[in-house]
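Listing of start_8.txt; format and content: compact mmCIF, C-alpha atoms.
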# COMPACT_ATOMS: atom_id res chain seq x y z
CA ASN A 1 0.00 0.00 0.00
CA ALA A 2 1.21 3.49 -0.86
CA GLY A 3 -0.63 5.05 2.11
CA VAL A 4 -1.19 8.78 1.60
CA THR A 5 0.40 10.37 -1.44
CA GLN A 6 0.55 14.02 -2.44
CA THR A 7 1.10 15.62 -5.83
CA PRO A 8 3.17 17.67 -6.53
CA LYS A 9 6.05 17.59 -4.05
CA PHE A 10 7.24 21.11 -4.85
CA ARG A 11 5.70 24.06 -6.65
CA VAL A 12 6.54 27.70 -7.22
CA LEU A 13 3.69 30.04 -8.13
CA LYS A 14 3.50 33.71 -8.94
CA THR A 15 1.04 35.87 -7.03
CA GLY A 16 -2.43 35.53 -8.53
CA GLN A 17 -1.86 32.15 -10.16
CA SER A 18 -4.03 29.18 -9.31
CA MET A 19 -3.21 25.55 -8.62
CA THR A 20 -4.64 22.34 -7.23
CA LEU A 21 -2.91 20.00 -4.81
CA LEU A 22 -3.95 16.37 -5.01
CA CYS A 23 -4.10 13.98 -2.09
CA ALA A 24 -4.78 10.28 -2.57
CA GLN A 25 -5.14 7.50 -0.02
CA ASP A 26 -5.50 3.78 -0.55
CA MET A 27 -6.53 2.79 2.99
CA ASN A 28 -10.30 3.24 2.44
CA HIS A 29 -10.38 5.98 5.08
CA GLU A 30 -13.57 7.99 5.51
CA TYR A 31 -11.95 11.13 6.85
CA MET A 32 -9.41 13.33 5.08
CA TYR A 33 -7.73 16.57 6.11
CA TRP A 34 -5.58 19.35 4.72
CA TYR A 35 -3.10 21.13 7.01
CA ARG A 36 -0.53 23.81 6.49
CA GLN A 37 2.72 23.93 8.43
CA ASP A 38 4.56 27.18 9.00
CA PRO A 39 7.71 27.68 11.11
CA GLY A 40 6.84 28.11 14.78
CA MET A 41 3.12 27.61 14.12
CA GLY A 42 2.75 23.84 14.17
CA LEU A 43 0.10 22.36 11.90
CA ARG A 44 -3.15 24.21 11.31
CA LEU A 45 -6.24 22.61 9.80
CA ILE A 46 -7.41 24.20 6.55
CA HIS A 47 -10.35 22.02 5.50
CA TYR A 48 -11.49 18.51 6.18
CA SER A 49 -13.93 15.92 4.90
CA VAL A 50 -15.85 13.22 6.74
CA GLY A 51 -16.93 11.43 3.61
CA GLU A 52 -17.27 11.50 -0.15
CA GLY A 53 -19.08 14.62 -1.27
CA THR A 54 -18.73 16.43 2.08
CA THR A 55 -16.27 19.12 3.13
CA ALA A 56 -15.99 21.53 6.05
CA LYS A 57 -13.87 24.47 7.10
CA GLY A 58 -11.06 24.14 9.56
CA GLU A 59 -9.07 26.73 11.44
CA VAL A 60 -7.59 28.65 8.48
CA PRO A 61 -9.84 28.15 5.42
CA ASP A 62 -9.62 31.58 3.78
CA GLY A 63 -8.14 31.56 0.29
CA TYR A 64 -8.57 27.80 -0.17
CA ASN A 65 -11.25 25.55 -1.60
CA VAL A 66 -11.54 21.77 -1.48
CA SER A 67 -13.42 18.96 -3.14
CA ARG A 68 -13.95 15.28 -2.31
CA LEU A 69 -15.58 13.78 -5.38
CA LYS A 70 -14.11 10.35 -4.74
CA LYS A 71 -13.53 8.71 -1.39
CA GLN A 72 -9.85 8.19 -2.04
CA ASN A 73 -9.06 11.72 -3.24
CA PHE A 74 -9.10 15.11 -1.56
CA LEU A 75 -8.18 18.18 -3.62
CA LEU A 76 -7.00 21.51 -2.26
CA GLY A 77 -7.31 24.52 -4.56
CA LEU A 78 -5.78 27.96 -4.46
CA GLU A 79 -7.74 30.24 -6.81
CA SER A 80 -5.47 33.28 -6.54
CA ALA A 81 -2.23 32.52 -4.74
CA ALA A 82 -0.75 35.04 -2.30
CA PRO A 83 2.71 35.14 -0.70
CA SER A 84 1.05 34.42 2.67
CA GLN A 85 0.17 30.98 1.29
CA THR A 86 3.83 30.03 1.06
CA SER A 87 3.91 26.96 3.29
CA VAL A 88 4.27 23.21 3.48
CA TYR A 89 0.92 21.50 2.95
CA PHE A 90 0.14 18.12 4.45
CA CYS A 91 -2.74 15.86 3.71
CA ALA A 92 -3.89 13.24 6.22
CA SER A 93 -6.54 10.57 6.39
CA SER A 94 -8.15 8.46 9.10
CA TYR A 95 -10.95 6.11 9.99
CA PRO A 96 -13.84 7.60 11.95
CA PHE A 97 -12.76 8.63 15.43
CA GLY A 98 -13.12 5.76 17.83
CA VAL A 99 -12.40 3.09 15.25
CA THR A 100 -8.81 4.13 15.50
CA TYR A 101 -7.37 7.42 16.59
CA GLU A 102 -4.44 7.81 14.23
CA GLN A 103 -4.22 10.21 11.34
CA TYR A 104 -1.92 9.08 8.55
CA PHE A 105 0.06 11.84 6.89
CA GLY A 106 1.39 12.29 3.41
CA PRO A 107 4.94 13.49 2.69
CA GLY A 108 3.92 17.10 2.10
CA THR A 109 3.93 19.65 -0.71
CA ARG A 110 6.27 22.61 -0.42
CA LEU A 111 4.64 25.65 -2.05
CA THR A 112 6.36 28.96 -2.63
CA VAL A 113 4.38 31.97 -3.85
CA THR A 114 6.49 34.84 -5.19
CA ALA B 1 -12.00 24.95 22.85
CA GLN B 2 -9.05 22.65 22.93
CA SER B 3 -5.48 23.92 22.85
CA VAL B 4 -1.93 22.67 23.30
CA THR B 5 1.15 24.37 24.67
CA GLN B 6 4.59 22.87 24.12
CA LEU B 7 7.19 24.40 26.40
CA GLY B 8 10.43 24.94 24.57
CA SER B 9 10.59 25.26 20.83
CA HIS B 10 14.08 23.74 20.83
CA VAL B 11 15.56 21.15 23.18
CA SER B 12 19.14 19.98 22.95
CA VAL B 13 20.47 16.87 24.71
CA SER B 14 23.57 14.75 24.59
CA GLU B 15 23.46 11.23 23.23
CA GLY B 16 22.55 8.89 26.09
CA ALA B 17 20.88 11.62 28.15
CA LEU B 18 17.26 11.77 29.22
CA VAL B 19 14.83 13.31 26.77
CA LEU B 20 11.94 15.31 28.25
CA LEU B 21 9.57 17.22 25.98
CA ARG B 22 6.79 19.09 27.72
CA CYS B 23 3.16 19.36 26.66
CA ASN B 24 0.23 20.95 28.46
CA TYR B 25 -3.28 20.92 27.09
CA SER B 26 -6.62 22.59 27.57
CA SER B 27 -9.82 20.68 26.99
CA SER B 28 -13.41 20.98 28.17
CA VAL B 29 -13.90 17.20 28.16
CA PRO B 30 -11.61 14.24 28.86
CA PRO B 31 -9.07 14.55 26.10
CA TYR B 32 -7.45 12.20 23.66
CA LEU B 33 -3.73 13.03 23.52
CA PHE B 34 -1.09 12.29 20.92
CA TRP B 35 2.57 12.74 20.18
CA TYR B 36 3.67 12.82 16.55
CA VAL B 37 7.24 12.91 15.24
CA GLN B 38 8.42 14.55 12.04
CA TYR B 39 11.80 13.67 10.60
CA PRO B 40 13.39 16.18 8.20
CA ASN B 41 11.48 16.58 4.94
CA GLN B 42 8.92 13.95 5.88
CA GLY B 43 5.31 13.82 7.02
CA LEU B 44 4.20 13.20 10.58
CA GLN B 45 4.23 9.77 12.18
CA LEU B 46 2.31 8.75 15.30
CA LEU B 47 4.65 8.11 18.22
CA LEU B 48 2.08 7.25 20.89
CA LYS B 49 -1.43 8.08 22.06
CA TYR B 50 -3.57 8.23 25.17
CA THR B 51 -7.24 7.45 24.77
CA THR B 52 -8.52 5.78 27.94
CA GLY B 53 -7.18 3.43 30.60
CA ALA B 54 -3.56 3.33 31.70
CA THR B 55 -2.15 6.81 32.05
CA LEU B 56 1.41 5.76 31.21
CA VAL B 57 1.57 4.94 27.53
CA LYS B 58 4.46 3.49 25.61
CA GLY B 59 5.20 4.25 22.02
CA ILE B 60 7.66 3.42 19.32
CA ASN B 61 11.43 3.88 19.57
CA GLY B 62 11.48 3.69 23.39
CA PHE B 63 9.38 6.79 24.02
CA GLU B 64 6.67 7.01 26.64
CA ALA B 65 4.32 9.65 28.00
CA GLU B 66 2.20 10.02 31.10
CA PHE B 67 -1.24 11.60 31.17
CA LYS B 68 -1.62 13.67 34.33
CA LYS B 69 -5.12 15.05 34.57
CA SER B 70 -4.44 17.18 37.65
CA GLU B 71 -1.58 18.91 35.85
CA THR B 72 -3.23 18.88 32.39
CA SER B 73 0.04 17.52 31.07
CA PHE B 74 1.23 14.83 28.69
CA HIS B 75 5.02 15.05 28.74
CA LEU B 76 7.10 12.84 26.45
CA THR B 77 10.19 11.06 27.79
CA LYS B 78 12.90 8.69 26.69
CA PRO B 79 15.55 7.46 29.13
CA SER B 80 18.48 7.56 26.72
CA ALA B 81 18.63 9.73 23.60
CA HIS B 82 19.94 8.36 20.34
CA MET B 83 21.22 10.35 17.40
CA SER B 84 18.33 9.02 15.33
CA ASP B 85 15.84 10.74 17.70
CA ALA B 86 16.73 14.14 16.24
CA ALA B 87 13.45 15.38 14.80
CA GLU B 88 10.56 17.72 15.49
CA TYR B 89 7.93 16.51 17.94
CA PHE B 90 4.32 17.64 18.04
CA CYS B 91 1.83 17.17 20.83
CA ALA B 92 -1.83 17.13 19.78
CA VAL B 93 -5.22 16.96 21.49
CA SER B 94 -8.68 15.92 20.41
CA GLU B 95 -11.91 16.21 22.33
CA GLY B 96 -13.18 13.04 20.76
CA GLY B 97 -16.14 11.98 18.72
CA GLY B 98 -19.08 13.71 17.17
CA SER B 99 -17.78 16.81 15.48
CA ASN B 100 -14.84 17.14 17.83
CA TYR B 101 -12.50 14.51 16.42
CA LYS B 102 -10.27 17.13 14.88
CA LEU B 103 -6.70 17.36 16.13
CA THR B 104 -5.25 20.57 17.51
CA PHE B 105 -1.46 20.61 17.36
CA GLY B 106 1.10 22.37 19.47
CA LYS B 107 3.74 24.47 17.77
CA GLY B 108 6.33 21.75 17.97
CA THR B 109 9.64 21.10 19.74
CA LEU B 110 12.78 20.55 17.73
CA LEU B 111 15.00 17.96 19.41
CA THR B 112 18.72 18.10 18.72
CA VAL B 113 20.93 15.23 19.90
CA ASN B 114 24.62 16.02 20.31
CA PRO B 115 27.30 13.32 20.06
Structure translated into structure tokens:
Amino acid sequence: NAGVTQTPKFRVLKTGQSMTLLCAQDMNHEYMYWYRQDPGMGLRLIHYSVGEGTTAKGEVPDGYNVSRLKKQNFLLGLESAAPSQTSVYFCASSYPFGVTYEQYFGPGTRLTVT
Amino acid sequence: AQSVTQLGSHVSVSEGALVLLRCNYSSSVPPYLFWYVQYPNQGLQLLLKYTTGATLVKGINGFEAEFKKSETSFHLTKPSAHMSDAAEYFCAVSEGGGSNYKLTFGKGTLLTVNP
């Protein structure tokens, strides 16, 4: 099993450009999450999904959109990138809470917005 | 609302010395507590977790943590540091099921192990 994979691994955008980050998991997990990691800030939840076709806002959702059209995929979109969105983005997935308690993380996407 | 405070953004120890990484939490209900480890340029990996039951939990790579409700703490320890323990460590809390299964992470503690 590949676990959680993220595409791309690195990306450089100019201010105002758009892009989509793809997260895929092969563990049949119901829940999926997008986090951003910034130095000294830990991980902050952007958006999450508790099942196919459902999404919800996390702690820092502004400037991002998400879609979960298939159970195994969770897409994070930036419609108009800003330098403040320079970060490392992590996707994670899990079973419903109480089945297990672990979130499984992907390797991350390093995004730079100039 | 749940929150996590990790005391010390950077901890440096000598190889063979005790590792102690501090974590205090705030939660309105009995919490679920986690420690994750992040090696350079990698994603996060679960080190150990407290859900219910025994308050001293053991994890991978010789780490353990003790849930102390009276102190609202969940400090991570390892008796003898190894060079391979150098990484960033994150404490996280969840208030559990329903809509509260989301994790809230601390800001992280970078552990350096000196030879």
**OP:** Just give me the gap between atom CA of A:Leu45 and atom CA of B:Ala1 in Å, one decimal is fine.
**Re:** 14.5 Å
Subject >> chain A residues near chain B (8 Å cut-off, only C-alpha atoms) as JSON, numbers by chain >> reply: {"A": [40, 41, 42, 43, 44, 90, 97, 98, 102, 103, 104, 105, 106, 107, 108]}
Original post:
For A:Thr20, which of A:Gln6, A:Thr55, A:Ser94, A:Gln72 is the closest residue, counting only C-alpha atoms?
Top reply: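 Of A:Gln6, A:Thr55, A:Ser94, A:Gln72, the one nearest A:Thr20, counting only C-alpha atoms, is A:Gln6.
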Original post:
For B:Phe63, which of B:Thr112, B:Glu15, B:Leu20, B:Tyr39 is the closest residue, counting all atoms listed in the file?
Top reply: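 For B:Phe63, the nearest of the candidates is B:Leu20.
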**OP:** Please tell me which residues are no farther than 10 Å from (1.4, 34.0, -7.7) in the file, counting all atoms listed in the file, and write them as a ChimeraX atom specification.
**Re:** /A:12-19,78-83,85-86,112-114
Subject >> Separation of atom CA of B:Ile60 from atom CA of B:Ser26 in Å >> reply: 25.3 Å
Subject >> Between atom CA of B:Ser3 and atom CA of B:Ala54, distance in Å (one decimal) >> reply: 22.5 Å
If we draw a sphere of 9 Å around (17.8, 7.4, 30.3), which residues have at least one atom in it when counting only C-alpha atoms? Please report them as a PDB file with C-alpha atoms, keeping the file's coordinate frame.
ATOM      1  CA  GLY B  16      22.550   8.890  26.090  1.00  0.00           C
ATOM      2  CA  ALA B  17      20.880  11.620  28.150  1.00  0.00           C
ATOM      3  CA  LEU B  18      17.260  11.770  29.220  1.00  0.00           C
ATOM      4  CA  VAL B  19      14.830  13.310  26.770  1.00  0.00           C
ATOM      5  CA  THR B  77      10.190  11.060  27.790  1.00  0.00           C
ATOM      6  CA  LYS B  78      12.900   8.690  26.690  1.00  0.00           C
ATOM      7  CA  PRO B  79      15.550   7.460  29.130  1.00  0.00           C
ATOM      8  CA  SER B  80      18.480   7.560  26.720  1.00  0.00           C
ATOM      9  CA  ALA B  81      18.630   9.730  23.600  1.00  0.00           C
TER      10      ALA B  81
END
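For the set B:Val4, B:Ala87, B:Val37, B:Leu56, the residue with the smallest atom-to-atom gap to B:Asn24 is B:Val4, counting all atoms listed in the file.
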Subject >> Who sits within 12 Å of A:Phe74, only C-alpha atoms, same chain under 6 positions skipped, as a PyMOL selection string >> reply: chain A and resi 4-7+20-26+29-34+47-55+65-68+90-93+106
